[in-house]
Amino acid sequence: MIRSMTGYGRGEAVLHDRTITVELRAVNNRYLDCTVKIPRLYVFAEEAIKSCVQKQVGRGKVDVFVSIDATAADKIEVSLNKPVADGYYQALKQMQAAYGLADDISVSLLSRFPDVFLVEKEQGDADVIAGDIVQVLTQALADFNAMREREGEKLAQDIQGRARTIAGLVGQVEERSPQTVAEYREKLRQRMQEVLENTQLDESRILTEAAIFADKVAVDEETVRLRSHLDQLEQMLEQGGAIGRKLDFLIQEFNREANTIGSKCSDVTLARVVVELKGEIEKIREQVQNIE
């Protein structure tokens, strides 16, 4: 299955009293570039997230957004800050002795002083939390890849259609090329006839000149290679997988053959066909840039 590099996926679940949401967005890129945006409290899970993405995504610029609502999972622990409480108590006793005050020190009084109690939020197990995030990420990746496969199927269909058009244009080149040689031979005959007027024409000379011209404009090798490239393109599309780079190299070969044919063409009709041929190849190249 061919996948596009662009896509979006989302996953959400409540695990260990935490509501975890993961979103992925991706655009074209030559290599895999994964960026993770996650609350600072959970940055320990970043490497696990990137590792999971790398296993399922070949290339593209992938942004992963993680949000976590841990309100239900928060466990608050309140404890006595004994050193601070002792300090306040001793200070109150000194005040009582110094000024002859009544001994009315109570729990209620001491509890009003700042920092007498320690309030701490219990942190969860990092491995458990990272595992939960990866679990939701896996859901998001499934959604993400499904979208990329749908887009990839459309790209493949478009490329196959354009490949058929290219095959038709190559056929026109193959059909027209021998005609240009015959037309050149006839033009050469007419010109020589005009120059020499009534003098007997040297038929062998005409044939020799025509043969030289035919050798210069022959595109048989190029059209054969183009058809071979078309076969290879079809095989790669059927094979699927991460073939974007291979397709990119193959299209460069398409361009090379088309340019060679264009450089050999002295015929207006063939020149127009080559322009169309190059146009279709360029459109395929643009589509290939979207394939993983």
# chains A, B, ... in the order shown; residues from 1 in each chain; ligands from 1
$ residues_around --residues "Ala156 (chain A)" --least-positions-apart "3" --cutoff "8 Å" --atoms "only C-alpha atoms" --output "VMD selection string"
chain A and resid 2 152 to 153 159 to 160 237
$ write_last_selection --atoms "N, CA and C atoms" --output "CSV table (one decimal), in the first residue's frame"
chain,number,residue,atom,x,y,z
A,2,ILE,N,0.6,2.2,-0.9
A,2,ILE,CA,1.3,3.4,-1.0
A,2,ILE,C,0.7,4.4,0.0
A,152,GLY,N,-2.7,8.1,-0.6
A,152,GLY,CA,-1.7,7.4,-1.4
A,152,GLY,C,-2.4,6.6,-2.6
A,153,GLU,N,-3.6,6.1,-2.3
A,153,GLU,CA,-4.3,5.4,-3.4
A,153,GLU,C,-4.7,6.4,-4.5
A,159,ILE,N,-1.0,8.8,-11.0
A,159,ILE,CA,0.3,8.5,-11.6
A,159,ILE,C,0.1,7.5,-12.7
A,160,GLN,N,-0.7,6.4,-12.4
A,160,GLN,CA,-1.0,5.4,-13.4
A,160,GLN,C,-1.7,6.0,-14.6
A,237,LEU,N,4.5,0.7,-8.1
A,237,LEU,CA,3.2,1.1,-7.6
A,237,LEU,C,2.5,-0.1,-7.0
$ residues_around --residues "Thr35 (chain A)" --least-positions-apart "2" --cutoff "8 Å" --atoms "only C-alpha atoms" --output "JSON, numbers by chain"
{"A": [33, 37, 50, 61, 62, 63, 64]}
$ atom_distance --atom1 "CA of Phe117 (chain A)" --atom2 "CA of Leu80 (chain A)"
4.7 Å
$ residues_around --residues "Ile166 (chain A)" --least-positions-apart "5" --cutoff "8 Å" --atoms "only C-alpha atoms" --output "ChimeraX atom specification"
/A:277,280-281
$ select_by_dssp --residues "region 28-182 of chain A" --states "strand (DSSP E)" --output "PyMOL selection string"
chain A and resi 32-37+60-69+76-80+117-121
